[in-house]
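Since the structure comes first, as structure tokens, the remarks are kept for the end.
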Amino acid sequence: MRAAKILSDRDQFTREFERCCRDYKSLQIAVAWCGDPKQPLPYKHLNDFKGTIIATVGYALNQTHPDSIQWLLDKASAIRIFRREKCFFHPKLYLFTDGDRYAVFVGSSNLTYGGFYENWEANVLVEGVLSTDAADILELQELLEKWRSVEFSFAPDKKWLKRYRKDHQRDRDAQRKHGIKTQAFE
């Protein structure tokens, strides 16, 4: 049986995400931006997650915090960075699986403190069993695999991350100078 919930309340989204971190064994993440993992949340939930994490992350406008990339390199089974030259990567989805069960969050919440706790966001949680009535979830898994392909993404290495840290810092300094608050300031 398939169930869907609209999660427009911050606490509701966070509670459901935390529950899925306890109840499922695998998590695939595809997000436009990731915030500073020094903010305890939402990274605490992922630290407590005992399963496999596979992530595809965007870094458009240098908004993804470089420490989050390092955190994912240390914690996740696999991390890929979406190639900016392909397009503006802007999904926010979290697909949990355990055997034939799944839970997918699709909405507006990036993997940032703001996306989980501060901003007004809207997300949908769909849970069910991978069977004939979950063809859309199977298509979603294929899309996630496509985004992780060499054509669309790459595995970050130390050299790339070092260069990205400089780009990220340069842009944060410029934004601070002009009084612009961004995800990276979390």
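Residue numbering restarts at 1 in every chain; chains get A, B, ... in the order shown in the structure tokens, and ligands count up from 1 in that same order.
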
Based on the backbone DSSP call, show me all residues of range 11-168 of chain A assigned alpha helix (DSSP H), as a PyMOL selection string.
chain A and resi 11-23+40-48+66-75+113+135-147+158-168

Show which residues sit within 12 Å of Thr132 in chain A, as a compact mmCIF listing (two decimals) with all heavy atoms, in the first residue's frame. Count only C-alpha atoms, and ignore same-chain residues fewer than 4 positions away.
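The resulting file, selection19.txt, is reproduced below:
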# COMPACT_ATOMS: atom_id res chain seq x y z
N MET A 1 0.84 -1.19 0.00
CA MET A 1 0.00 0.00 0.00
C MET A 1 0.88 1.25 0.00
O MET A 1 1.88 1.30 0.68
CB MET A 1 -0.90 -0.01 1.23
CG MET A 1 -1.75 1.19 1.35
SD MET A 1 -3.31 0.73 2.04
CE MET A 1 -4.19 2.21 1.81
N ARG A 2 0.45 2.22 -0.73
CA ARG A 2 1.20 3.46 -0.90
C ARG A 2 0.50 4.58 -0.14
O ARG A 2 -0.71 4.73 -0.21
CB ARG A 2 1.25 3.76 -2.38
CG ARG A 2 2.09 4.91 -2.76
CD ARG A 2 2.12 4.96 -4.27
NE ARG A 2 2.89 6.07 -4.74
CZ ARG A 2 3.68 6.03 -5.77
NH1 ARG A 2 3.81 4.91 -6.45
NH2 ARG A 2 4.35 7.08 -6.13
N ASP A 100 12.20 -4.18 -0.03
CA ASP A 100 11.23 -3.71 -1.03
C ASP A 100 10.43 -2.50 -0.54
O ASP A 100 9.53 -2.03 -1.22
CB ASP A 100 10.31 -4.84 -1.46
CG ASP A 100 9.46 -5.37 -0.33
OD1 ASP A 100 9.73 -5.05 0.85
OD2 ASP A 100 8.51 -6.13 -0.61
N GLY A 128 5.89 3.33 0.41
CA GLY A 128 5.20 2.17 -0.11
C GLY A 128 6.14 1.00 -0.29
O GLY A 128 7.21 0.93 0.32
N ASP A 136 6.99 4.60 -10.83
CA ASP A 136 7.59 5.93 -10.77
C ASP A 136 8.82 5.96 -9.87
O ASP A 136 9.79 6.65 -10.16
CB ASP A 136 6.56 6.97 -10.31
CG ASP A 136 5.85 6.60 -9.02
OD1 ASP A 136 5.98 5.45 -8.55
OD2 ASP A 136 5.15 7.47 -8.48
N ILE A 137 8.82 5.16 -8.82
CA ILE A 137 9.98 5.09 -7.94
C ILE A 137 11.14 4.38 -8.65
O ILE A 137 12.30 4.79 -8.53
CB ILE A 137 9.63 4.38 -6.61
CG1 ILE A 137 8.49 5.11 -5.89
CG2 ILE A 137 10.86 4.26 -5.72
CD1 ILE A 137 8.76 6.56 -5.56
N LEU A 138 10.83 3.36 -9.40
CA LEU A 138 11.86 2.69 -10.20
C LEU A 138 12.45 3.65 -11.24
O LEU A 138 13.66 3.66 -11.47
CB LEU A 138 11.30 1.43 -10.86
CG LEU A 138 10.81 0.35 -9.88
CD1 LEU A 138 10.14 -0.79 -10.64
CD2 LEU A 138 11.95 -0.16 -9.02
N GLU A 139 11.60 4.48 -11.85
CA GLU A 139 12.08 5.50 -12.79
C GLU A 139 12.95 6.52 -12.07
O GLU A 139 13.97 6.97 -12.61
CB GLU A 139 10.91 6.21 -13.47
CG GLU A 139 10.20 5.38 -14.51
CD GLU A 139 9.01 6.12 -15.11
OE1 GLU A 139 9.09 7.37 -15.25
OE2 GLU A 139 8.02 5.45 -15.43

Which residues come within 12 Å of Gln70 in chain A, counting only C-alpha atoms, excluding same-chain residues fewer than 6 positions away, as number ranges by chain?
A: 34-38, 57, 64, 76, 78-81, 155-158, 160-162, 164-165

Going by DSSP on the backbone, which residues of chain A come out as strand (DSSP E)? List them as an mmCIF file with N, CA and C atoms, in the first residue's frame.
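Output below, filename out-v4.cif:
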data_model
loop_
_atom_site.group_PDB
_atom_site.id
_atom_site.type_symbol
_atom_site.label_atom_id
_atom_site.label_comp_id
_atom_site.auth_asym_id
_atom_site.auth_seq_id
_atom_site.Cartn_x
_atom_site.Cartn_y
_atom_site.Cartn_z
ATOM 1 N N ALA A 3 1.305 5.398 0.567
ATOM 2 C CA ALA A 3 0.746 6.518 1.314
ATOM 3 C C ALA A 3 1.553 7.771 0.999
ATOM 4 N N ALA A 4 0.853 8.906 0.915
ATOM 5 C CA ALA A 4 1.524 10.180 0.645
ATOM 6 C C ALA A 4 1.080 11.206 1.678
ATOM 7 N N LYS A 5 2.036 12.049 2.085
ATOM 8 C CA LYS A 5 1.754 13.127 3.036
ATOM 9 C C LYS A 5 2.400 14.399 2.514
ATOM 10 N N ILE A 6 1.689 15.497 2.621
ATOM 11 C CA ILE A 6 2.270 16.800 2.345
ATOM 12 C C ILE A 6 2.833 17.321 3.659
ATOM 13 N N LEU A 7 4.095 17.700 3.631
ATOM 14 C CA LEU A 7 4.791 18.144 4.836
ATOM 15 C C LEU A 7 5.120 19.629 4.688
ATOM 16 N N SER A 26 19.078 2.279 3.433
ATOM 17 C CA SER A 26 19.800 2.918 2.342
ATOM 18 C C SER A 26 19.173 4.277 2.060
ATOM 19 N N LEU A 27 20.018 5.241 1.707
ATOM 20 C CA LEU A 27 19.534 6.582 1.410
ATOM 21 C C LEU A 27 20.279 7.111 0.195
ATOM 22 N N GLN A 28 19.517 7.551 -0.797
ATOM 23 C CA GLN A 28 20.070 8.241 -1.955
ATOM 24 C C GLN A 28 19.618 9.695 -1.873
ATOM 25 N N ILE A 29 20.570 10.591 -1.957
ATOM 26 C CA ILE A 29 20.310 12.022 -1.845
ATOM 27 C C ILE A 29 20.648 12.683 -3.178
ATOM 28 N N ALA A 30 19.808 13.596 -3.625
ATOM 29 C CA ALA A 30 20.117 14.463 -4.763
ATOM 30 C C ALA A 30 19.625 15.853 -4.381
ATOM 31 N N VAL A 31 20.576 16.763 -4.143
ATOM 32 C CA VAL A 31 20.228 18.114 -3.704
ATOM 33 C C VAL A 31 21.063 19.149 -4.442
ATOM 34 N N THR A 52 23.589 2.829 4.197
ATOM 35 C CA THR A 52 24.391 3.320 3.084
ATOM 36 C C THR A 52 23.843 4.661 2.604
ATOM 37 N N ILE A 53 24.734 5.616 2.384
ATOM 38 C CA ILE A 53 24.349 6.918 1.831
ATOM 39 C C ILE A 53 25.066 7.102 0.498
ATOM 40 N N ILE A 54 24.292 7.437 -0.506
ATOM 41 C CA ILE A 54 24.829 7.776 -1.826
ATOM 42 C C ILE A 54 24.278 9.160 -2.157
ATOM 43 N N ALA A 55 25.176 10.085 -2.494
ATOM 44 C CA ALA A 55 24.746 11.469 -2.687
ATOM 45 C C ALA A 55 25.213 12.027 -4.024
ATOM 46 N N THR A 56 24.332 12.794 -4.644
ATOM 47 C CA THR A 56 24.676 13.619 -5.798
ATOM 48 C C THR A 56 24.351 15.048 -5.388
ATOM 49 N N VAL A 57 25.357 15.909 -5.475
ATOM 50 C CA VAL A 57 25.242 17.259 -4.932
ATOM 51 C C VAL A 57 25.578 18.283 -6.008
ATOM 52 N N ALA A 78 29.207 6.819 -1.396
ATOM 53 C CA ALA A 78 29.579 7.424 -2.672
ATOM 54 C C ALA A 78 29.031 8.841 -2.713
ATOM 55 N N ILE A 79 29.839 9.747 -3.255
ATOM 56 C CA ILE A 79 29.383 11.119 -3.492
ATOM 57 C C ILE A 79 29.811 11.506 -4.897
ATOM 58 N N ARG A 80 28.897 12.146 -5.577
ATOM 59 C CA ARG A 80 29.161 12.671 -6.911
ATOM 60 C C ARG A 80 28.776 14.143 -6.897
ATOM 61 N N ILE A 81 29.512 14.930 -7.670
ATOM 62 C CA ILE A 81 29.232 16.354 -7.832
ATOM 63 C C ILE A 81 28.666 16.540 -9.228
ATOM 64 N N PHE A 82 27.483 17.150 -9.305
ATOM 65 C CA PHE A 82 26.843 17.342 -10.601
ATOM 66 C C PHE A 82 27.614 18.381 -11.410
ATOM 67 N N LYS A 92 15.732 18.429 -4.897
ATOM 68 C CA LYS A 92 15.803 18.212 -3.453
ATOM 69 C C LYS A 92 15.026 16.932 -3.197
ATOM 70 N N LEU A 93 15.738 15.811 -3.230
ATOM 71 C CA LEU A 93 15.049 14.547 -2.980
ATOM 72 C C LEU A 93 15.921 13.614 -2.179
ATOM 73 N N TYR A 94 15.219 12.824 -1.374
ATOM 74 C CA TYR A 94 15.841 11.886 -0.454
ATOM 75 C C TYR A 94 15.061 10.581 -0.590
ATOM 76 N N LEU A 95 15.709 9.548 -1.129
ATOM 77 C CA LEU A 95 15.055 8.256 -1.346
ATOM 78 C C LEU A 95 15.632 7.240 -0.381
ATOM 79 N N PHE A 96 14.815 6.832 0.581
ATOM 80 C CA PHE A 96 15.175 5.786 1.534
ATOM 81 C C PHE A 96 14.636 4.458 1.020
ATOM 82 N N THR A 97 15.411 3.387 1.182
ATOM 83 C CA THR A 97 14.935 2.043 0.845
ATOM 84 C C THR A 97 15.409 1.059 1.900
ATOM 85 N N ASP A 98 14.667 -0.021 2.001
ATOM 86 C CA ASP A 98 15.026 -1.148 2.862
ATOM 87 C C ASP A 98 14.316 -2.363 2.291
ATOM 88 N N ARG A 101 10.779 -1.962 0.631
ATOM 89 C CA ARG A 101 10.087 -0.773 1.144
ATOM 90 C C ARG A 101 10.842 0.485 0.718
ATOM 91 N N TYR A 102 10.117 1.573 0.520
ATOM 92 C CA TYR A 102 10.739 2.849 0.174
ATOM 93 C C TYR A 102 9.995 4.004 0.843
ATOM 94 N N ALA A 103 10.729 5.090 0.992
ATOM 95 C CA ALA A 103 10.164 6.373 1.419
ATOM 96 C C ALA A 103 10.921 7.426 0.636
ATOM 97 N N VAL A 104 10.208 8.288 -0.041
ATOM 98 C CA VAL A 104 10.865 9.339 -0.812
ATOM 99 C C VAL A 104 10.296 10.695 -0.403
ATOM 100 N N PHE A 105 11.215 11.620 -0.123
ATOM 101 C CA PHE A 105 10.866 13.003 0.136
ATOM 102 C C PHE A 105 11.223 13.782 -1.122
ATOM 103 N N VAL A 106 10.297 14.523 -1.652
ATOM 104 C CA VAL A 106 10.532 15.391 -2.797
ATOM 105 C C VAL A 106 9.935 16.741 -2.438
ATOM 106 N N GLY A 107 10.705 17.791 -2.631
ATOM 107 C CA GLY A 107 10.178 19.105 -2.304
ATOM 108 C C GLY A 107 11.204 20.187 -2.467
ATOM 109 N N ASN A 123 7.322 19.870 1.245
ATOM 110 C CA ASN A 123 7.823 18.578 0.796
ATOM 111 C C ASN A 123 6.683 17.581 0.788
ATOM 112 N N VAL A 124 6.856 16.557 -0.002
ATOM 113 C CA VAL A 124 5.902 15.451 -0.031
ATOM 114 C C VAL A 124 6.667 14.194 0.335
ATOM 115 N N LEU A 125 6.095 13.388 1.202
ATOM 116 C CA LEU A 125 6.640 12.089 1.568
ATOM 117 C C LEU A 125 5.715 11.025 0.997
ATOM 118 N N VAL A 126 6.287 10.131 0.202
ATOM 119 C CA VAL A 126 5.541 9.004 -0.349
ATOM 120 C C VAL A 126 6.234 7.742 0.151
ATOM 121 N N GLU A 127 5.451 6.836 0.754
ATOM 122 C CA GLU A 127 5.991 5.564 1.240
ATOM 123 C C GLU A 127 5.188 4.419 0.669
ATOM 124 N N GLY A 128 5.888 3.331 0.412
ATOM 125 C CA GLY A 128 5.200 2.168 -0.110
ATOM 126 C C GLY A 128 6.145 0.997 -0.290
ATOM 127 N N VAL A 129 5.722 0.095 -1.161
ATOM 128 C CA VAL A 129 6.470 -1.114 -1.457
ATOM 129 C C VAL A 129 6.812 -1.094 -2.942
ATOM 130 N N SER A 153 28.125 13.751 -13.749
ATOM 131 C CA SER A 153 28.736 14.090 -12.469
ATOM 132 C C SER A 153 30.147 13.512 -12.375
ATOM 133 N N PHE A 154 30.828 13.905 -11.318
ATOM 134 C CA PHE A 154 32.183 13.401 -11.094
ATOM 135 C C PHE A 154 32.395 13.177 -9.601
#

Smallest atom-to-atom distance to Asp171 in chain A: which of A:Leu73, A:Cys20, A:Ala60, A:Ala32, using only C-alpha atoms?
A:Ala60

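Across A:Arg19, A:Lys159, A:Arg148, A:Arg170, the tightest approach to Phe49 in chain A is made by A:Arg19 when counting only C-alpha atoms.
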